[in-house]
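S.K.: Data file structure-v4.txt (compact mmCIF, C-alpha atoms) is appended below.
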# COMPACT_ATOMS: atom_id res chain seq x y z
CA MET A 1 32.96 124.06 -64.71
CA LYS A 2 30.07 126.04 -63.30
CA GLU A 3 31.05 124.96 -59.78
CA LEU A 4 34.61 126.05 -60.45
CA LEU A 5 33.51 129.53 -61.50
CA GLU A 6 31.06 129.82 -58.64
CA PHE A 7 33.75 128.88 -56.16
CA LEU A 8 36.26 131.32 -57.63
CA VAL A 9 33.90 134.25 -57.96
CA ARG A 10 32.46 133.74 -54.47
CA SER A 11 35.99 133.67 -53.07
CA LEU A 12 36.75 137.04 -54.59
CA VAL A 13 33.69 139.13 -53.75
CA ASP A 14 32.31 140.73 -50.61
CA GLU A 15 28.75 139.54 -51.22
CA PRO A 16 28.96 135.86 -52.20
CA ASP A 17 25.18 135.44 -51.88
CA LYS A 18 24.64 137.77 -54.80
CA VAL A 19 26.74 135.74 -57.20
CA SER A 20 24.83 133.94 -59.90
CA ILE A 21 26.18 132.13 -62.90
CA THR A 22 24.14 130.96 -65.83
CA GLU A 23 25.29 128.42 -68.32
CA VAL A 24 24.38 128.99 -71.94
CA LYS A 25 25.18 125.99 -74.09
CA GLY A 26 26.07 126.59 -77.69
CA GLU A 27 26.98 124.11 -80.40
CA ARG A 28 30.66 123.92 -79.71
CA SER A 29 31.12 126.06 -76.66
CA VAL A 30 29.51 126.94 -73.36
CA VAL A 31 29.13 130.53 -72.26
CA TYR A 32 29.16 131.24 -68.53
CA GLU A 33 27.51 134.49 -67.60
CA ILE A 34 28.58 135.87 -64.25
CA ARG A 35 26.37 138.28 -62.34
CA VAL A 36 27.52 139.89 -59.10
CA SER A 37 26.41 142.85 -57.02
CA LEU A 38 27.30 146.21 -58.53
CA ALA A 39 29.82 146.88 -55.76
CA ASP A 40 31.58 143.59 -56.50
CA LYS A 41 31.73 143.98 -60.24
CA GLY A 42 35.00 145.87 -60.18
CA LYS A 43 36.47 143.28 -57.84
CA ILE A 44 36.04 140.40 -60.26
CA ILE A 45 37.30 142.49 -63.16
CA GLY A 46 40.29 143.99 -61.38
CA LYS A 47 42.75 146.66 -62.46
CA GLN A 48 43.00 146.58 -66.23
CA GLY A 49 40.90 143.43 -66.19
CA ARG A 50 43.59 141.40 -64.50
CA VAL A 51 41.28 139.36 -62.31
CA ALA A 52 38.85 138.71 -65.19
CA LYS A 53 41.75 137.63 -67.36
CA ALA A 54 43.02 135.27 -64.67
CA LEU A 55 39.53 133.78 -64.30
CA ARG A 56 39.40 133.13 -68.03
CA THR A 57 42.86 131.58 -68.02
CA ILE A 58 41.94 129.19 -65.21
CA VAL A 59 38.67 128.24 -66.91
CA LYS A 60 40.51 127.66 -70.17
CA ALA A 61 42.99 125.39 -68.40
CA ALA A 62 40.18 123.43 -66.78
CA SER A 63 38.31 123.07 -70.07
CA ALA A 64 41.44 121.66 -71.69
CA LYS A 65 40.85 118.66 -69.49
CA SER A 66 37.12 118.38 -70.11
CA GLY A 67 37.37 119.12 -73.82
CA THR A 68 34.64 121.75 -74.19
CA LYS A 69 35.39 125.36 -75.00
CA ALA A 70 34.29 127.64 -72.20
CA VAL A 71 33.64 131.36 -72.54
CA VAL A 72 33.33 133.63 -69.52
CA GLU A 73 31.27 136.81 -69.65
CA ILE A 74 30.75 139.32 -66.87
CA LEU A 75 27.33 140.95 -67.06
CA GLU A 76 25.70 143.99 -65.51
CA MET B 1 37.55 157.50 -21.15
CA LYS B 2 41.27 157.11 -21.12
CA ARG B 3 43.21 157.13 -17.92
CA SER B 4 46.18 159.37 -18.48
CA VAL B 5 48.99 160.96 -16.54
CA GLU B 6 51.48 163.66 -17.25
CA VAL B 7 55.06 162.65 -16.72
CA SER B 8 58.24 164.53 -17.32
CA GLY B 9 61.80 163.35 -17.48
CA LYS B 10 65.05 163.71 -19.33
CA THR B 11 64.24 161.47 -22.26
CA LEU B 12 61.11 160.05 -23.79
CA GLU B 13 62.38 156.59 -23.07
CA GLU B 14 62.84 157.29 -19.40
CA VAL B 15 59.36 158.75 -19.19
CA LEU B 16 57.77 155.77 -20.86
CA GLU B 17 59.73 153.44 -18.63
CA ARG B 18 58.34 155.12 -15.55
CA ALA B 19 54.83 155.26 -16.96
CA SER B 20 54.92 151.57 -17.73
CA ARG B 21 55.81 150.84 -14.10
CA TYR B 22 53.10 153.22 -12.95
CA PHE B 23 50.37 151.57 -15.04
CA ASP B 24 51.93 148.15 -14.72
CA VAL B 25 51.68 147.40 -18.43
CA PRO B 26 54.40 146.82 -21.03
CA LYS B 27 55.67 149.92 -22.79
CA GLU B 28 54.19 148.75 -26.08
CA GLN B 29 50.72 149.19 -24.66
CA LEU B 30 51.21 152.83 -23.86
CA GLY B 31 50.02 155.67 -25.97
CA TYR B 32 51.64 159.06 -25.53
CA GLU B 33 51.61 162.61 -26.69
CA ILE B 34 54.52 164.95 -26.24
CA LEU B 35 53.35 168.11 -24.50
CA SER B 36 56.56 170.02 -24.37
CA GLU B 37 60.15 169.34 -25.09
CA THR B 38 63.27 171.35 -24.42
CA LYS B 39 66.17 170.32 -26.51
CA GLY B 40 69.76 170.97 -25.66
CA PHE B 41 70.67 172.27 -29.08
CA LEU B 42 71.12 175.95 -28.29
CA SER B 43 72.03 175.96 -24.69
CA VAL B 44 74.13 173.15 -23.40
CA PHE B 45 73.46 174.21 -19.84
CA VAL B 46 69.70 173.95 -19.94
CA PRO B 47 68.92 170.32 -19.12
CA ARG B 48 66.83 168.45 -21.63
CA MET B 49 63.31 167.95 -20.43
CA VAL B 50 60.38 166.27 -22.01
CA LYS B 51 56.84 166.44 -20.70
CA VAL B 52 54.53 163.73 -21.96
CA ARG B 53 50.94 162.74 -21.45
CA VAL B 54 50.78 158.95 -21.22
CA TRP B 55 47.82 156.60 -21.24
CA VAL B 56 47.14 152.91 -21.62
CA LYS B 57 45.79 152.09 -25.03
CA ASN B 58 42.61 150.15 -25.33
CA GLU B 59 42.74 146.79 -27.03
CA GLU B 60 42.11 147.80 -30.62
CA GLU B 61 44.77 150.46 -30.43
CA THR B 62 47.27 148.02 -29.01
CA GLU B 63 46.64 145.56 -31.80
CA GLU B 64 47.05 148.23 -34.41
CA VAL B 65 50.38 149.46 -33.20
CA SER B 66 52.13 146.33 -32.01
CA GLY B 67 51.84 144.73 -35.39
CA THR B 68 54.24 141.84 -34.98
CA PRO B 69 52.20 139.38 -32.92
CA LYS B 70 49.09 140.16 -34.92
CA GLU B 71 50.90 139.59 -38.18
CA THR B 72 52.07 136.18 -37.09
CA ARG B 73 48.55 135.17 -36.14
CA GLU B 74 47.12 136.33 -39.41
CA PHE B 75 49.93 134.71 -41.29
CA SER B 76 49.17 131.30 -39.85
CA GLY B 77 45.49 131.79 -40.63
CA ALA B 78 46.52 132.62 -44.17
CA LYS B 79 48.31 129.30 -44.48
CA GLU B 80 45.12 127.33 -43.85
CA ALA B 81 43.11 129.67 -46.05
CA VAL B 82 45.53 129.27 -48.96
CA GLU B 83 45.67 125.51 -48.53
CA THR B 84 41.89 125.15 -48.58
CA PHE B 85 41.50 127.58 -51.45
CA LEU B 86 44.04 125.75 -53.63
CA GLN B 87 42.66 122.31 -52.82
CA GLU B 88 39.09 123.29 -53.59
CA LEU B 89 40.12 125.10 -56.74
CA ILE B 90 42.11 122.17 -58.08
CA ALA B 91 39.35 119.70 -57.22
CA ARG B 92 36.85 121.82 -59.15
CA MET B 93 39.20 122.08 -62.09
CA GLY B 94 39.16 118.30 -62.11
CA LEU B 95 42.93 118.07 -61.89
CA GLU B 96 45.08 115.49 -60.18
CA VAL B 97 47.52 117.71 -58.36
CA THR B 98 48.59 117.64 -54.73
CA VAL B 99 48.92 120.79 -52.65
CA ASN B 100 51.56 121.33 -50.02
CA VAL B 101 51.71 124.65 -48.19
CA ALA B 102 54.56 125.34 -45.81
CA GLN B 103 55.37 128.45 -43.89
CA ASP B 104 58.93 129.61 -43.29
CA ASP B 105 60.40 132.86 -41.99
CA THR B 106 59.92 134.80 -45.17
CA ALA B 107 56.92 133.46 -47.05
CA LEU B 108 54.13 130.98 -47.50
CA ARG B 109 55.46 128.45 -49.95
CA CYS B 110 52.94 126.47 -51.93
CA ALA B 111 54.31 123.46 -53.76
CA LEU B 112 51.96 121.79 -56.20
CA ASP B 113 52.71 118.66 -58.16
CA GLY B 114 51.11 115.67 -59.81
CA LYS B 115 49.87 114.14 -63.02
CA ASP B 116 48.16 117.32 -64.26
CA ALA B 117 50.93 119.73 -63.26
CA GLY B 118 51.42 120.71 -66.90
CA ILE B 119 47.85 121.97 -67.22
CA LEU B 120 48.28 124.08 -64.11
CA ILE B 121 51.48 125.64 -65.44
CA GLY B 122 50.07 126.49 -68.86
CA ARG B 123 51.78 127.97 -71.87
CA LYS B 124 54.84 129.92 -70.68
CA GLY B 125 53.49 129.57 -67.16
CA GLU B 126 50.44 131.71 -67.84
CA THR B 127 48.03 129.48 -65.90
CA LEU B 128 50.41 129.51 -62.94
CA GLU B 129 50.53 133.32 -63.12
CA ALA B 130 46.73 133.46 -63.16
CA LEU B 131 46.52 131.05 -60.25
CA GLU B 132 48.90 133.15 -58.20
CA LEU B 133 47.00 136.35 -58.95
CA LEU B 134 43.76 134.74 -57.84
CA VAL B 135 45.27 133.43 -54.61
CA ARG B 136 46.68 136.87 -53.81
CA THR B 137 43.40 138.59 -54.63
CA PHE B 138 41.53 136.06 -52.50
CA LEU B 139 43.81 136.77 -49.53
CA VAL B 140 43.35 140.52 -49.86
CA ARG B 141 39.55 140.16 -50.13
CA ARG B 142 39.44 137.97 -47.07
CA GLY B 143 41.36 140.51 -45.03
CA PHE B 144 44.74 138.81 -44.83
CA GLY B 145 46.43 141.64 -46.69
CA GLU B 146 49.45 141.15 -48.87
CA VAL B 147 50.92 137.92 -47.62
CA PRO B 148 54.39 137.03 -48.92
CA LEU B 149 53.63 134.08 -51.13
CA GLU B 150 55.44 131.76 -53.49
CA ILE B 151 53.65 129.27 -55.64
CA ASP B 152 55.42 126.67 -57.70
CA VAL B 153 54.12 123.77 -59.75
CA ALA B 154 56.45 120.82 -60.28
CA GLY B 155 59.50 123.01 -59.71
CA TYR B 156 58.69 125.06 -62.85
CA ARG B 157 59.52 128.42 -61.32
CA ARG B 158 62.66 127.17 -59.63
CA ARG B 159 63.98 125.88 -62.96
CA LYS B 160 62.96 129.03 -64.75
CA GLU B 161 64.66 131.22 -62.14
CA GLU B 162 67.83 129.20 -62.50
CA ALA B 163 67.71 129.59 -66.29
CA LEU B 164 67.18 133.34 -65.95
CA ARG B 165 70.13 133.71 -63.59
CA LYS B 166 72.33 131.81 -66.03
CA LEU B 167 71.12 133.98 -68.90
CA ALA B 168 71.89 137.10 -66.85
CA GLU B 169 75.43 135.90 -66.13
CA ARG B 170 76.02 134.98 -69.76
CA MET B 171 74.73 138.33 -71.02
CA ALA B 172 76.79 140.22 -68.44
CA LYS B 173 79.89 138.48 -69.77
CA LYS B 174 78.92 139.46 -73.28
CA VAL B 175 78.49 143.11 -72.23
CA VAL B 176 81.92 143.15 -70.63
CA ARG B 177 83.51 141.39 -73.60
CA GLU B 178 81.95 143.51 -76.32
CA LYS B 179 81.62 146.70 -74.28
CA LYS B 180 78.15 147.10 -75.63
CA LYS B 181 74.90 147.10 -73.74
CA VAL B 182 72.50 144.22 -74.20
CA ARG B 183 68.71 144.45 -74.20
CA LEU B 184 66.97 141.32 -73.03
CA ALA B 185 63.61 140.07 -74.28
CA PRO B 186 60.47 141.55 -72.68
CA MET B 187 59.77 140.01 -69.29
CA ASN B 188 57.27 140.42 -66.51
CA ALA B 189 58.14 142.13 -63.25
CA ARG B 190 59.06 138.91 -61.47
CA GLU B 191 61.45 137.82 -64.18
CA ARG B 192 63.05 141.25 -64.47
CA ARG B 193 63.55 141.26 -60.74
CA ILE B 194 65.41 137.95 -60.91
CA VAL B 195 67.78 139.40 -63.53
CA HIS B 196 68.33 142.61 -61.51
CA MET B 197 69.01 140.59 -58.37
CA ALA B 198 71.38 138.22 -60.15
CA LEU B 199 73.61 141.09 -61.30
CA LYS B 200 73.23 143.57 -58.46
CA ASP B 201 76.68 142.85 -57.05
CA HIS B 202 78.38 142.48 -60.40
CA PRO B 203 81.56 144.61 -60.43
CA GLU B 204 81.35 145.74 -64.05
CA VAL B 205 77.76 145.87 -65.21
CA LEU B 206 74.57 147.50 -64.04
CA THR B 207 70.98 146.80 -64.97
CA TYR B 208 67.87 148.87 -65.53
CA SER B 209 64.55 148.46 -67.30
CA ILE B 210 63.13 150.30 -70.27
CA GLY B 211 59.80 150.37 -72.09
CA GLU B 212 56.25 149.94 -70.89
CA GLU B 213 54.43 146.83 -69.75
CA PRO B 214 54.00 144.30 -71.22
CA ASN B 215 57.08 145.06 -73.32
CA ARG B 216 59.29 146.22 -70.50
CA ARG B 217 62.75 144.77 -70.76
CA VAL B 218 65.98 144.69 -68.83
CA VAL B 219 69.09 146.39 -70.19
CA ILE B 220 72.50 145.24 -69.05
CA ASP B 221 75.12 147.95 -69.48
CA LEU B 222 78.68 148.68 -68.40
CA LYS B 223 78.99 150.68 -65.22
CA ALA B 224 79.40 154.38 -66.02
CA GLN B 225 82.92 155.04 -64.77
CA LYS B 226 84.24 152.00 -66.58
CA LYS B 227 82.68 153.20 -69.77
CA LYS B 228 84.11 156.73 -69.59
CA SER B 229 87.70 155.71 -69.07
CA GLN B 230 88.11 152.84 -71.43
CA SER B 231 91.72 152.39 -72.28
CA LYS B 232 93.57 149.45 -73.70
CA HIS B 233 95.36 149.10 -70.43
CA GLN B 234 92.12 148.81 -68.52
CA THR B 235 90.61 146.37 -70.91
CA GLN B 236 93.59 144.15 -70.45
CA SER B 237 93.49 144.18 -66.70
CA ARG B 238 89.78 143.73 -66.72
CA ARG B 239 90.19 140.57 -68.70
CA ASN B 240 92.68 139.28 -66.22
CA LYS B 241 91.06 140.28 -62.99
CA GLY B 242 87.57 141.35 -63.85
CA GLY B 243 87.58 144.02 -61.21
CA ASN B 244 88.85 147.38 -60.06
CA THR B 245 91.72 148.64 -62.09
CA LYS B 246 93.62 151.85 -61.57
CA ALA B 247 93.97 154.07 -64.59
CA SER B 248 97.34 155.62 -65.57
Take the structure I supplied and represent it as structure tokens, if you would.
M.R.:
Amino acid sequence: MKELLEFLVRSLVDEPDKVSITEVKGERSVVYEIRVSLADKGKIIGKQGRVAKALRTIVKAASAKSGTKAVVEILE
Amino acid sequence: MKRSVEVSGKTLEEVLERASRYFDVPKEQLGYEILSETKGFLSVFVPRMVKVRVWVKNEEETEEVSGTPKETREFSGAKEAVETFLQELIARMGLEVTVNVAQDDTALRCALDGKDAGILIGRKGETLEALELLVRTFLVRRGFGEVPLEIDVAGYRRRKEEALRKLAERMAKKVVREKKKVRLAPMNARERRIVHMALKDHPEVLTYSIGEEPNRRVVIDLKAQKKKSQSKHQTQSRRNKGGNTKAS
């Protein structure tokens, strides 16, 4: 799942080297925290959060297969 | 420094023709600026003259203006980019789905299918919508611009389009029969477009959209002139012919 997010986020930003994703495991879910360069932040959120929403939808679909609940957060 | 010449002639086309022979480059590679122009509007007897400064564009300028060959190149690059992107994405999602990208005259068509197609479609196609948005965003970010693109998983969109067209036809019939407008359920832009397109040549109804996203919906209504002059006579003929009827 982390690889999936890394791939997606890196494909959508101008500075792929500055993308980092941390995995925080909870009891029943995993939170993925995305950090990108300030300039790229808007790019992975998109107009009215459309890109962020699409990212979450794709992650949700992928976690349906793996069985764990995945939460995506975009951090400063 | 640009090499430029001043040429005059009767028409811009003639001037450019001559300049292209002079520089020995195709006309598309010429840049020009009109210096003076006399038009024959007021005086028929004054011959039309146009004086133009012409130069040969450098390479970047040529690429910018003669967009067609460049577009085709980028387009084919986009095909490979989309194919790789989709394959890597699906592999990382852990899905068993095959990717087939083909390019025709109008668009890049991506056909996906396989055991996990259902997961990739999602509830009411929401995962497919998300996938398409991400592919489009990816292409824009990577400098391919807005590439005409169609993505379908296991023929889902094709079936849905067909169903929408049938719904549109059925509702149009209802509007004509009951002479009352019909509001369809809220739809996204793509779906609304399919309904509009399905009825655009319909002789008796017209379509428009009302409301704000995400609750924007299509309204099917009788065409205005039909509505104003509704007479029994017309209604009868409309039933028989379903077309233009003369009043009186």
S.K.: Please provide the set of residues having any atom within 9 Å of range 191-203 of chain B, restricted to all atoms listed in the file, with same-chain residues fewer than 2 positions apart removed, written as a PyMOL selection string.
M.R.: chain B and resi 160-161+164-169+172+186-189+205-209+216-218+220+223+242-244
S.K.: Could you tell me which of A:Lys69, A:Ala62, A:Leu75, A:Arg56 comes closest to chain B if we count all atoms listed in the file?
M.R.: A:Ala62
S.K.: List the spatial neighbours of Ile44 in chain A as a PDB file with C-alpha atoms, in the frame of the given file - criterion: any atom at most 9 Å away, all atoms listed in the file, same-chain residues fewer than 3 positions off excluded.
M.R.:
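Now in part-v7.pdb:
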ATOM      1  CA  VAL A   9      33.900 134.250 -57.960  1.00  0.00           C
ATOM      2  CA  LEU A  12      36.750 137.040 -54.590  1.00  0.00           C
ATOM      3  CA  VAL A  13      33.690 139.130 -53.750  1.00  0.00           C
ATOM      4  CA  VAL A  36      27.520 139.890 -59.100  1.00  0.00           C
ATOM      5  CA  ASP A  40      31.580 143.590 -56.500  1.00  0.00           C
ATOM      6  CA  LYS A  41      31.730 143.980 -60.240  1.00  0.00           C
ATOM      7  CA  GLY A  49      40.900 143.430 -66.190  1.00  0.00           C
ATOM      8  CA  ARG A  50      43.590 141.400 -64.500  1.00  0.00           C
ATOM      9  CA  VAL A  51      41.280 139.360 -62.310  1.00  0.00           C
ATOM     10  CA  ALA A  52      38.850 138.710 -65.190  1.00  0.00           C
ATOM     11  CA  LEU A  55      39.530 133.780 -64.300  1.00  0.00           C
ATOM     12  CA  ILE A  74      30.750 139.320 -66.870  1.00  0.00           C
TER      13      ILE A  74
END
S.K.: Could you give me, as a PyMOL selection string, the residues that have an atom at most 8 Å away from the point (47.2, 123.7, -57.7) in the coordinates of the file, using all atoms listed in the file?
M.R.: chain B and resi 86-87+89-90+97-99+112-113+117+120+131+153
S.K.: Write down, as a list in words, each residue of chain B that has any atom within 8 Å of an atom of chain A, counting all atoms listed in the file.
M.R.: Leu89, Arg92, Met93, Gly94, Leu95, Ile119, Leu120, Gly122, Glu126, Thr127, Glu129, Ala130, Leu131, Leu133, Leu134, Thr137, Phe138 and Arg141 of chain B
S.K.: Between A:Gly67, A:Val72, A:Gly42, A:Ile34, which has the minimum distance to Thr22 in chain A (counting all atoms listed in the file)?
M.R.: A:Ile34
S.K.: Between B:Glu80, B:Glu17, B:Lys57, B:Asp152, which has the minimum distance to Gly31 in chain B (counting all atoms listed in the file)?
M.R.: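 Between B:Glu80, B:Glu17, B:Lys57, B:Asp152, the residue approaching Gly31 in chain B most closely is B:Lys57.
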S.K.: One number please: CA of Asp116 in chain B to CA of Glu96 in chain B, in Å, one decimal.
M.R.: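 Pair CA of Asp116 in chain B / CA of Glu96 in chain B returns 5.4 Å.
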S.K.: Could you tell me which of B:Lys124, B:Val5, B:Leu184, B:Met171 comes closest to Tyr156 in chain B if we count only C-alpha atoms?
M.R.: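 That would be B:Lys124, the residue with the smallest distance to Tyr156 in chain B.
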S.K.: So which residues touch range 106-108 of chain B within 9 Å, counting all atoms listed in the file, skipping near sequence neighbours fewer than 6 positions away, as a list in words?
M.R.: Phe75, Ala78, Lys79, Val82, Val147, Pro148, Leu149, Glu150 and Ile151 of chain B
S.K.: Work out how far apart CA of Ile21 in chain A and CA of Thr68 in chain A are and give it in Å to one decimal.
M.R.: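 One can read the CA of Ile21 in chain A to CA of Thr68 in chain A distance as 17.5 Å.
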S.K.: When you draw a straight line from CA of Glu37 in chain B to CA of Val25 in chain B, how long is it in Å?
M.R.: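 Computed distance, CA of Glu37 in chain B to CA of Val25 in chain B, equals 24.4 Å.
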S.K.: Could you write range 204-214 of chain B as a PDB file, in the frame of the given file, with all heavy atoms rebuilt where they are missing?
M.R.:
ATOM      1  N   GLU B 204      81.166 144.954 -62.824  1.00  0.00           N
ATOM      2  CA  GLU B 204      81.350 145.740 -64.050  1.00  0.00           C
ATOM      3  C   GLU B 204      80.086 146.134 -64.785  1.00  0.00           C
ATOM      4  O   GLU B 204      80.126 146.989 -65.652  1.00  0.00           O
ATOM      5  CB  GLU B 204      82.250 144.957 -65.010  1.00  0.00           C
ATOM      6  CG  GLU B 204      83.685 144.955 -64.562  1.00  0.00           C
ATOM      7  CD  GLU B 204      84.465 143.876 -65.273  1.00  0.00           C
ATOM      8  OE1 GLU B 204      84.359 142.702 -64.865  1.00  0.00           O
ATOM      9  OE2 GLU B 204      85.139 144.207 -66.246  1.00  0.00           O
ATOM     10  N   VAL B 205      78.975 145.503 -64.480  1.00  0.00           N
ATOM     11  CA  VAL B 205      77.760 145.870 -65.210  1.00  0.00           C
ATOM     12  C   VAL B 205      76.669 146.343 -64.248  1.00  0.00           C
ATOM     13  O   VAL B 205      76.696 146.037 -63.056  1.00  0.00           O
ATOM     14  CB  VAL B 205      77.199 144.706 -66.062  1.00  0.00           C
ATOM     15  CG1 VAL B 205      78.221 144.225 -67.062  1.00  0.00           C
ATOM     16  CG2 VAL B 205      76.722 143.566 -65.177  1.00  0.00           C
ATOM     17  N   LEU B 206      75.750 147.116 -64.805  1.00  0.00           N
ATOM     18  CA  LEU B 206      74.570 147.500 -64.040  1.00  0.00           C
ATOM     19  C   LEU B 206      73.343 147.180 -64.884  1.00  0.00           C
ATOM     20  O   LEU B 206      73.438 146.943 -66.092  1.00  0.00           O
ATOM     21  CB  LEU B 206      74.627 148.987 -63.685  1.00  0.00           C
ATOM     22  CG  LEU B 206      74.843 150.002 -64.798  1.00  0.00           C
ATOM     23  CD1 LEU B 206      73.555 150.326 -65.513  1.00  0.00           C
ATOM     24  CD2 LEU B 206      75.453 151.269 -64.231  1.00  0.00           C
ATOM     25  N   THR B 207      72.195 147.149 -64.236  1.00  0.00           N
ATOM     26  CA  THR B 207      70.980 146.800 -64.970  1.00  0.00           C
ATOM     27  C   THR B 207      69.901 147.837 -64.712  1.00  0.00           C
ATOM     28  O   THR B 207      69.861 148.456 -63.661  1.00  0.00           O
ATOM     29  CB  THR B 207      70.432 145.432 -64.511  1.00  0.00           C
ATOM     30  OG1 THR B 207      70.163 145.491 -63.112  1.00  0.00           O
ATOM     31  CG2 THR B 207      71.415 144.314 -64.773  1.00  0.00           C
ATOM     32  N   TYR B 208      69.058 148.038 -65.707  1.00  0.00           N
ATOM     33  CA  TYR B 208      67.870 148.870 -65.530  1.00  0.00           C
ATOM     34  C   TYR B 208      66.825 148.401 -66.525  1.00  0.00           C
ATOM     35  O   TYR B 208      67.119 147.578 -67.400  1.00  0.00           O
ATOM     36  CB  TYR B 208      68.197 150.351 -65.718  1.00  0.00           C
ATOM     37  CG  TYR B 208      68.885 150.692 -67.024  1.00  0.00           C
ATOM     38  CD1 TYR B 208      68.150 150.996 -68.167  1.00  0.00           C
ATOM     39  CD2 TYR B 208      70.275 150.695 -67.118  1.00  0.00           C
ATOM     40  CE1 TYR B 208      68.777 151.303 -69.367  1.00  0.00           C
ATOM     41  CE2 TYR B 208      70.909 151.002 -68.309  1.00  0.00           C
ATOM     42  CZ  TYR B 208      70.155 151.304 -69.435  1.00  0.00           C
ATOM     43  OH  TYR B 208      70.783 151.598 -70.616  1.00  0.00           O
ATOM     44  N   SER B 209      65.613 148.896 -66.392  1.00  0.00           N
ATOM     45  CA  SER B 209      64.550 148.460 -67.300  1.00  0.00           C
ATOM     46  C   SER B 209      64.074 149.611 -68.161  1.00  0.00           C
ATOM     47  O   SER B 209      64.052 150.756 -67.731  1.00  0.00           O
ATOM     48  CB  SER B 209      63.373 147.897 -66.508  1.00  0.00           C
ATOM     49  OG  SER B 209      63.800 146.794 -65.749  1.00  0.00           O
ATOM     50  N   ILE B 210      63.692 149.287 -69.383  1.00  0.00           N
ATOM     51  CA  ILE B 210      63.130 150.300 -70.270  1.00  0.00           C
ATOM     52  C   ILE B 210      61.829 149.794 -70.882  1.00  0.00           C
ATOM     53  O   ILE B 210      61.556 148.603 -70.884  1.00  0.00           O
ATOM     54  CB  ILE B 210      64.088 150.669 -71.428  1.00  0.00           C
ATOM     55  CG1 ILE B 210      64.521 149.400 -72.176  1.00  0.00           C
ATOM     56  CG2 ILE B 210      65.294 151.433 -70.935  1.00  0.00           C
ATOM     57  CD1 ILE B 210      65.048 149.679 -73.568  1.00  0.00           C
ATOM     58  N   GLY B 211      61.035 150.731 -71.402  1.00  0.00           N
ATOM     59  CA  GLY B 211      59.800 150.370 -72.090  1.00  0.00           C
ATOM     60  C   GLY B 211      58.643 150.250 -71.123  1.00  0.00           C
ATOM     61  O   GLY B 211      58.799 150.392 -69.925  1.00  0.00           O
ATOM     62  N   GLU B 212      57.468 150.025 -71.680  1.00  0.00           N
ATOM     63  CA  GLU B 212      56.250 149.940 -70.890  1.00  0.00           C
ATOM     64  C   GLU B 212      55.756 148.497 -70.887  1.00  0.00           C
ATOM     65  O   GLU B 212      55.976 147.764 -71.840  1.00  0.00           O
ATOM     66  CB  GLU B 212      55.172 150.854 -71.500  1.00  0.00           C
ATOM     67  CG  GLU B 212      55.486 152.343 -71.404  1.00  0.00           C
ATOM     68  CD  GLU B 212      55.664 152.812 -69.966  1.00  0.00           C
ATOM     69  OE1 GLU B 212      54.862 152.397 -69.113  1.00  0.00           O
ATOM     70  OE2 GLU B 212      56.615 153.583 -69.696  1.00  0.00           O
ATOM     71  N   GLU B 213      55.071 148.131 -69.799  1.00  0.00           N
ATOM     72  CA  GLU B 213      54.430 146.830 -69.750  1.00  0.00           C
ATOM     73  C   GLU B 213      53.473 146.705 -70.938  1.00  0.00           C
ATOM     74  O   GLU B 213      52.837 147.688 -71.298  1.00  0.00           O
ATOM     75  CB  GLU B 213      53.628 146.684 -68.455  1.00  0.00           C
ATOM     76  CG  GLU B 213      54.462 146.800 -67.208  1.00  0.00           C
ATOM     77  CD  GLU B 213      55.165 145.496 -66.842  1.00  0.00           C
ATOM     78  OE1 GLU B 213      55.037 144.499 -67.599  1.00  0.00           O
ATOM     79  OE2 GLU B 213      55.825 145.465 -65.814  1.00  0.00           O
ATOM     80  N   PRO B 214      53.317 145.555 -71.553  1.00  0.00           N
ATOM     81  CA  PRO B 214      54.000 144.300 -71.220  1.00  0.00           C
ATOM     82  C   PRO B 214      55.313 144.110 -71.965  1.00  0.00           C
ATOM     83  O   PRO B 214      55.822 143.007 -72.021  1.00  0.00           O
ATOM     84  CB  PRO B 214      52.967 143.269 -71.694  1.00  0.00           C
ATOM     85  CG  PRO B 214      52.310 143.917 -72.865  1.00  0.00           C
ATOM     86  CD  PRO B 214      52.347 145.398 -72.628  1.00  0.00           C
TER      87      PRO B 214
END
